>>> print(open('model_22.tsv').read())   # TSV, C-alpha atoms
chain	number	residue	atom	x	y	z
Q	969	MET	CA	93.84	121.64	111.96
Q	970	PRO	CA	96.72	121.06	109.51
Q	971	VAL	CA	97.60	117.50	108.52
Q	972	ALA	CA	100.56	116.35	110.61
Q	973	HIS	CA	102.41	114.55	107.79
Q	974	LEU	CA	101.29	114.81	104.19
Q	975	VAL	CA	103.02	112.60	101.61
Q	976	VAL	CA	102.73	113.34	97.88
Q	977	VAL	CA	103.63	110.43	95.60
Q	978	MET	CA	104.14	110.60	91.85
Q	979	PRO	CA	105.26	108.22	89.11
Q	980	ALA	CA	107.55	109.86	86.57
Q	981	TYR	CA	109.15	109.02	83.25
Q	982	ASN	CA	111.23	111.61	81.38
Q	983	GLU	CA	109.82	114.61	83.22
Q	984	ALA	CA	113.10	116.49	83.86
Q	985	GLU	CA	111.81	119.64	82.13
Q	986	GLY	CA	108.91	120.30	84.45
Q	987	ILE	CA	108.89	118.11	87.54
Q	988	GLY	CA	111.01	120.33	89.78
Q	989	GLY	CA	108.82	123.37	89.24
Q	990	PHE	CA	105.69	121.25	89.67
Q	991	ILE	CA	106.89	119.99	93.05
Q	992	ASP	CA	107.76	123.54	94.13
Q	993	GLU	CA	104.25	124.68	93.19
Q	994	ILE	CA	102.60	121.81	95.08
Q	995	ARG	CA	104.73	122.44	98.18
Q	996	GLU	CA	103.93	126.16	98.21
Q	997	HIS	CA	100.19	125.61	98.09
Q	998	LEU	CA	100.08	122.69	100.52
Q	999	ALA	CA	102.16	124.41	103.19
Q	1000	PRO	CA	99.15	126.04	104.92
Q	1001	VAL	CA	97.34	122.70	105.33
Q	1002	ALA	CA	100.24	120.45	106.41
Q	1003	GLU	CA	102.77	120.63	109.21
Q	1004	ARG	CA	105.20	118.47	107.26
Q	1005	ILE	CA	105.28	117.55	103.55
Q	1006	SER	CA	107.27	114.77	101.90
Q	1007	PHE	CA	107.47	113.86	98.22
Q	1008	VAL	CA	108.15	110.42	96.76
Q	1009	VAL	CA	108.98	110.18	93.05
Q	1010	ALA	CA	109.01	106.68	91.55
Q	1011	ASP	CA	111.22	107.08	88.48
Q	1012	ASP	CA	110.46	104.54	85.75
Q	1013	GLN	CA	114.03	104.35	84.38
Q	1014	SER	CA	113.93	107.83	82.82
Q	1015	THR	CA	116.49	108.54	80.11
Q	1016	ASP	CA	116.45	112.36	80.39
Q	1017	GLY	CA	117.97	112.86	83.83
Q	1018	THR	CA	114.74	113.16	85.81
Q	1019	PRO	CA	116.34	111.86	89.07
Q	1020	ALA	CA	119.26	114.29	88.67
Q	1021	ALA	CA	116.79	117.18	88.34
Q	1022	LEU	CA	115.63	116.38	91.88
Q	1023	ASP	CA	119.05	115.90	93.50
Q	1024	GLY	CA	119.64	117.81	96.70
Q	1025	ILE	CA	115.98	118.57	97.50
Q	1026	ASP	CA	115.61	117.54	101.14
Q	1027	ASP	CA	111.92	116.64	101.12
Q	1028	VAL	CA	112.00	114.70	97.83
Q	1029	HIS	CA	112.76	110.97	97.89
Q	1030	VAL	CA	113.49	109.45	94.48
Q	1031	GLU	CA	112.82	105.73	94.13
Q	1032	ARG	CA	114.55	104.52	90.96
Q	1033	GLN	CA	112.65	101.52	89.60
Q	1034	PRO	CA	114.68	98.40	88.68
Q	1035	ALA	CA	113.18	98.28	85.18
Q	1036	ASN	CA	110.93	100.34	82.92
Q	1037	ARG	CA	107.46	98.88	83.56
Q	1038	GLY	CA	105.05	101.61	82.53
Q	1039	HIS	CA	102.74	103.97	84.37
Q	1040	GLY	CA	100.55	101.55	86.32
Q	1041	PRO	CA	103.22	99.50	88.12
Q	1042	THR	CA	105.24	102.67	88.73
Q	1043	ALA	CA	102.25	104.42	90.29
Q	1044	LEU	CA	101.72	101.43	92.59
Q	1045	ALA	CA	105.41	101.48	93.52
Q	1046	ALA	CA	105.06	105.18	94.36
Q	1047	TYR	CA	102.08	104.46	96.61
Q	1048	ARG	CA	103.92	101.70	98.44
Q	1049	ALA	CA	107.06	103.79	98.89
Q	1050	GLY	CA	104.97	106.67	100.20
Q	1051	MET	CA	103.28	104.46	102.77
Q	1052	THR	CA	106.66	103.57	104.28
Q	1053	LEU	CA	106.91	107.23	105.41
Q	1054	ASP	CA	103.89	106.79	107.72
Q	1055	PRO	CA	101.67	109.55	106.29
Q	1056	ASP	CA	98.49	110.90	107.83
Q	1057	VAL	CA	97.25	111.72	104.32
Q	1058	LEU	CA	98.66	110.49	101.01
Q	1059	VAL	CA	98.16	112.35	97.71
Q	1060	HIS	CA	98.90	110.81	94.32
Q	1061	VAL	CA	99.56	112.83	91.17
Q	1062	ASP	CA	101.39	112.05	87.94
Q	1063	GLY	CA	104.78	113.66	87.44
Q	1064	ASP	CA	103.82	115.30	84.14
Q	1065	GLY	CA	102.30	118.25	86.00
Q	1066	GLN	CA	98.85	118.40	84.43
Q	1067	PHE	CA	97.30	120.03	87.52
Q	1068	ILE	CA	97.66	123.38	89.27
Q	1069	GLY	CA	98.92	124.09	92.77
Q	1070	PRO	CA	95.76	125.71	94.21
Q	1071	ASP	CA	93.75	122.52	93.67
Q	1072	PHE	CA	95.95	120.47	96.03
Q	1073	PRO	CA	94.90	122.13	99.31
Q	1074	ARG	CA	91.29	121.98	98.11
Q	1075	LEU	CA	91.68	118.21	97.67
Q	1076	VAL	CA	93.21	117.70	101.12
Q	1077	SER	CA	90.75	120.04	102.83
Q	1078	ALA	CA	87.84	118.13	101.28
Q	1079	LEU	CA	89.24	114.85	102.63
Q	1080	VAL	CA	89.50	116.27	106.15
Q	1081	ARG	CA	86.30	118.34	106.12
Q	1082	GLU	CA	84.13	115.54	104.71
Q	1083	ASN	CA	85.78	112.88	106.88
Q	1084	ALA	CA	86.22	110.91	103.66
Q	1085	ASP	CA	88.40	107.91	102.90
Q	1086	VAL	CA	89.33	109.23	99.45
Q	1087	VAL	CA	88.82	112.33	97.32
Q	1088	HIS	CA	89.11	112.16	93.53
Q	1089	GLY	CA	90.16	115.19	91.50
Q	1090	VAL	CA	87.73	115.16	88.56
Q	1091	ARG	CA	89.40	116.82	85.58
Q	1092	ASP	CA	87.91	119.86	83.88
Q	1093	GLY	CA	89.36	121.14	80.62
Q	1094	ARG	CA	91.29	118.02	79.65
Q	1095	THR	CA	93.58	118.71	76.70
Q	1096	ASP	CA	94.07	115.03	75.83
Q	1097	PRO	CA	93.07	113.99	72.29
Q	1098	TRP	CA	89.58	112.69	71.64
Q	1099	PHE	CA	90.55	109.03	71.61
Q	1100	ARG	CA	92.01	109.15	75.12
Q	1101	LYS	CA	88.86	110.84	76.41
Q	1102	ALA	CA	86.75	108.23	74.58
Q	1103	LEU	CA	88.76	105.40	76.17
Q	1104	THR	CA	88.27	106.87	79.65
Q	1105	ALA	CA	84.54	107.32	79.02
Q	1106	SER	CA	84.14	103.73	77.77
Q	1107	VAL	CA	85.95	102.25	80.76
Q	1108	GLY	CA	83.97	104.53	83.05
Q	1109	THR	CA	80.71	103.16	81.67
Q	1110	LEU	CA	81.79	99.58	82.33
Q	1111	ILE	CA	82.89	100.41	85.86
Q	1112	ALA	CA	79.65	102.30	86.57
Q	1113	VAL	CA	77.61	99.24	85.63
Q	1114	ALA	CA	79.73	97.02	87.90
Q	1115	ALA	CA	79.73	99.52	90.79
Q	1116	GLY	CA	76.04	100.33	90.54
Q	1117	ARG	CA	76.76	104.05	90.38
Q	1118	ARG	CA	78.46	106.56	88.13
Q	1119	ILE	CA	82.08	107.30	89.03
Q	1120	PRO	CA	83.24	110.60	87.50
Q	1121	ASP	CA	86.64	110.44	85.75
Q	1122	VAL	CA	87.24	106.83	86.73
Q	1123	ASN	CA	90.98	106.93	85.95
Q	1124	THR	CA	91.93	110.32	87.37
Q	1125	PRO	CA	95.52	110.34	88.70
Q	1126	LEU	CA	94.86	113.08	91.27
Q	1127	ARG	CA	93.62	111.50	94.49
Q	1128	ALA	CA	93.92	111.99	98.25
Q	1129	TYR	CA	93.70	108.97	100.55
Q	1130	ARG	CA	93.69	108.15	104.20
Q	1131	PRO	CA	96.36	105.51	104.84
Q	1132	GLN	CA	93.91	102.84	106.03
Q	1133	ALA	CA	91.96	103.12	102.79
Q	1134	ILE	CA	94.91	103.04	100.39
Q	1135	ASN	CA	96.40	100.07	102.25
Q	1136	ARG	CA	93.23	98.08	101.60
Q	1137	LEU	CA	93.28	99.01	97.93
Q	1138	LEU	CA	96.95	98.14	97.51
Q	1139	ASP	CA	96.29	94.74	99.05
Q	1140	ALA	CA	93.51	94.13	96.52
Q	1141	VAL	CA	95.30	95.11	93.28
Q	1142	PRO	CA	98.21	93.25	91.64
Q	1143	ALA	CA	101.55	95.07	91.71
Q	1144	ASP	CA	101.87	94.96	87.91
Q	1145	ALA	CA	98.40	96.39	87.15
Q	1146	LEU	CA	98.31	98.55	84.02
Q	1147	VAL	CA	95.39	100.71	85.19
Q	1148	PRO	CA	95.39	100.58	89.00
Q	1149	HIS	CA	93.22	103.68	89.40
Q	1150	VAL	CA	90.41	102.07	87.42
Q	1151	HIS	CA	90.55	99.07	89.77
Q	1152	PHE	CA	90.75	101.42	92.77
Q	1153	SER	CA	87.62	103.28	91.68
Q	1154	LEU	CA	85.62	100.06	91.53
Q	1155	ALA	CA	87.12	98.61	94.70
Q	1156	GLU	CA	86.31	101.80	96.62
Q	1157	ALA	CA	82.64	101.32	95.78
Q	1158	ARG	CA	82.65	97.64	96.65
Q	1159	LEU	CA	84.47	98.23	99.94
Q	1160	GLY	CA	81.97	100.86	100.98
Q	1161	LEU	CA	84.60	103.59	101.29
Q	1162	THR	CA	83.48	107.19	101.66
Q	1163	VAL	CA	84.44	108.83	98.37
Q	1164	ARG	CA	84.11	112.49	97.46
Q	1165	TYR	CA	84.61	114.12	94.06
Q	1166	LEU	CA	86.14	117.55	93.48
Q	1167	ARG	CA	86.32	119.40	90.17
Q	1168	VAL	CA	89.91	120.39	89.36
Q	1169	LEU	CA	91.59	122.05	86.41
Q	1170	SER	CA	93.51	119.89	83.93
Q	1171	ILE	CA	96.28	121.62	81.95
Q	1172	PRO	CA	98.77	120.47	79.29
Q	1173	ARG	CA	101.85	118.53	80.30
Q	1174	ARG	CA	104.62	120.75	81.67
Q	1175	GLY	CA	107.90	121.25	79.87
Q	1176	GLU	CA	108.77	122.16	76.31
Q	1177	SER	CA	106.88	119.20	74.87
Q	1178	GLU	CA	103.17	118.79	75.61
Q	1179	THR	CA	103.19	115.22	74.29
Q	1180	GLY	CA	103.63	112.32	76.68
Q	1181	THR	CA	105.30	108.98	76.17
Q	1182	MET	CA	102.18	107.41	74.65
Q	1183	TRP	CA	102.71	109.68	71.65
Q	1184	GLY	CA	106.42	108.93	71.42
Q	1185	GLY	CA	107.37	112.61	71.48
Q	1186	THR	CA	105.78	113.26	68.07
Q	1187	PRO	CA	103.07	115.83	67.31
Q	1188	ARG	CA	99.61	114.79	68.45
Q	1189	PRO	CA	98.05	112.36	65.98
Q	1190	SER	CA	94.44	112.61	64.91
Q	1191	LEU	CA	94.01	108.84	65.33
Q	1192	PRO	CA	95.20	106.56	68.15
Q	1193	PRO	CA	98.85	105.57	67.66
Q	1194	GLN	CA	99.69	101.89	67.58
Q	1195	ARG	CA	101.30	101.96	71.02
Q	1196	LEU	CA	98.16	103.39	72.60
Q	1197	ARG	CA	95.96	100.87	70.76
Q	1198	ARG	CA	98.03	98.00	72.16
Q	1199	PHE	CA	97.85	99.50	75.64
Q	1200	ALA	CA	94.07	99.97	75.40
Q	1201	ARG	CA	93.53	96.34	74.42
Q	1202	ALA	CA	95.72	95.12	77.27
Q	1203	ALA	CA	94.11	97.48	79.79
Q	1204	LEU	CA	90.56	96.48	78.84
Q	1205	GLY	CA	91.52	92.82	79.11
Q	1206	GLU	CA	92.99	93.44	82.55
Q	1207	VAL	CA	89.91	95.29	83.79
Q	1208	TRP	CA	87.70	92.43	82.58
Q	1209	SER	CA	89.91	89.72	84.12
Q	1210	TRP	CA	90.57	91.40	87.48
Q	1211	SER	CA	87.45	93.46	88.14
Q	1212	LEU	CA	84.48	92.66	85.92
Q	1213	LYS	CA	84.06	89.03	84.85
Q	1214	PRO	CA	82.23	86.58	87.09
Q	1215	GLY	CA	84.70	85.23	89.62
Q	1216	ALA	CA	87.19	88.08	89.07
Q	1217	PRO	CA	89.40	88.70	92.14
Q	1218	LEU	CA	88.07	92.22	92.72
Q	1219	ARG	CA	84.46	91.03	92.58
Q	1220	SER	CA	84.95	89.01	95.74
Q	1221	ILE	CA	86.63	91.56	98.04
Q	1222	PRO	CA	84.79	92.24	101.31
Q	1223	THR	CA	82.35	95.14	101.38
Q	1224	ALA	CA	82.66	96.28	104.98
Q	1225	PRO	CA	83.58	99.97	105.38
Q	1226	ALA	CA	87.19	100.87	106.14
Q	1227	GLN	CA	88.16	101.33	109.77
Q	1228	ARG	CA	89.66	104.69	110.71
>>> encode(input="model_22.tsv", output="structure tokens")
Amino acid sequence: MPVAHLVVVMPAYNEAEGIGGFIDEIREHLAPVAERISFVVADDQSTDGTPAALDGIDDVHVERQPANRGHGPTALAAYRAGMTLDPDVLVHVDGDGQFIGPDFPRLVSALVRENADVVHGVRDGRTDPWFRKALTASVGTLIAVAAGRRIPDVNTPLRAYRPQAINRLLDAVPADALVPHVHFSLAEARLGLTVRYLRVLSIPRRGESETGTMWGGTPRPSLPPQRLRRFARAALGEVWSWSLKPGAPLRSIPTAPAQR
């Protein structure tokens, strides 16, 4: 049976070029598996008119953030805003459009068919530079050790959740987390949630420029730019403090399975 109310949430920063077409593509492909679809875009103080690009679209709710805080806090704000719409299933995806429409119904169908709490879209064909892939792999190794199992693509932004599961995760993670999906991946294991993994296609960022804000709009560097190096240091420190070190808050969360 189709999902009664499916909510798609996405953080966005300067995505005016591609976000409207991305939402149209998602809506078209999700229509057969949902009776009603709503979109929530948490705009992180874009300077290119991203909110204006979505004006007048009835099923798109734009939540303008009070300050530019970066991807992690904006993603969490998107989740929380989406939950206020009382979804039966919630899907998260970044606003840069690095996924294709046909993979969205596959994600939702896997959640329903497998009676899972969460389904991760594991990225195939990532076009990110080597140092971003290396960072994801390094963090994934640390999380695998802590979780006691390998978690493919630990920081993937494409995920489908049942509301009971995402509520528990949101309660466990600080609202200003830099890498909430890394924390989510570990917390899901510790909480005993039923997690499934689905291979999905990763494509370049939509719009005229394929470079995201981490690259400052310049051509892709061969070495990590300073901004990304600073972010990586802060993110690794956060993961250690919140999820990995003895006594870390996310080491002490209860491990009972989620109630549906």
>>> residues_around(input="model_22.tsv", residues="range 1154-1157 of chain Q", least_positions_apart="6", cutoff="12 Å", atoms="all atoms listed in the file", output="MDAnalysis selection string")
chainID Q and resid 1084:1088 1107:1123 1129 1133:1141 1147:1148 1163:1164 1207:1208 1210:1212 1216:1226
>>> residues_around(input="model_22.tsv", residues="range 1037-1054 of chain Q", least_positions_apart="2", cutoff="9 Å", atoms="only C-alpha atoms", output="MDAnalysis selection string")
chainID Q and resid 973 975:981 1006:1013 1031 1033:1035 1056:1062 1131 1134:1135 1138 1142:1149
>>> residues_around(input="model_22.tsv", residues="Gln1066 in chain Q", least_positions_apart="5", cutoff="8 Å", atoms="all atoms listed in the file", output="list of chain:residue names")
Q:Ser1170, Q:Ile1171, Q:Pro1172, Q:Arg1173, Q:Arg1174
>>> atom_distance(input="model_22.tsv", atom1="CA of Arg1167 in chain Q", atom2="CA of Asn982 in chain Q")
27.5 Å
>>> atom_distance(input="model_22.tsv", atom1="CA of Ala1078 in chain Q", atom2="CA of Leu998 in chain Q")
13.1 Å
>>> atom_distance(input="model_22.tsv", atom1="CA of Ile991 in chain Q", atom2="CA of Arg1094 in chain Q")
20.7 Å
>>> closest_residue(input="model_22.tsv", among="Q:Ala1203, Q:Val1001, Q:Val1168, Q:Asp992", to="Arg1081 in chain Q", atoms="all atoms listed in the file")
Q:Val1001
>>> closest_residue(input="model_22.tsv", among="Q:Gly1205, Q:Pro1125, Q:Arg1130, Q:Gly1024", to="Ser1153 in chain Q", atoms="all atoms listed in the file")
Q:Pro1125
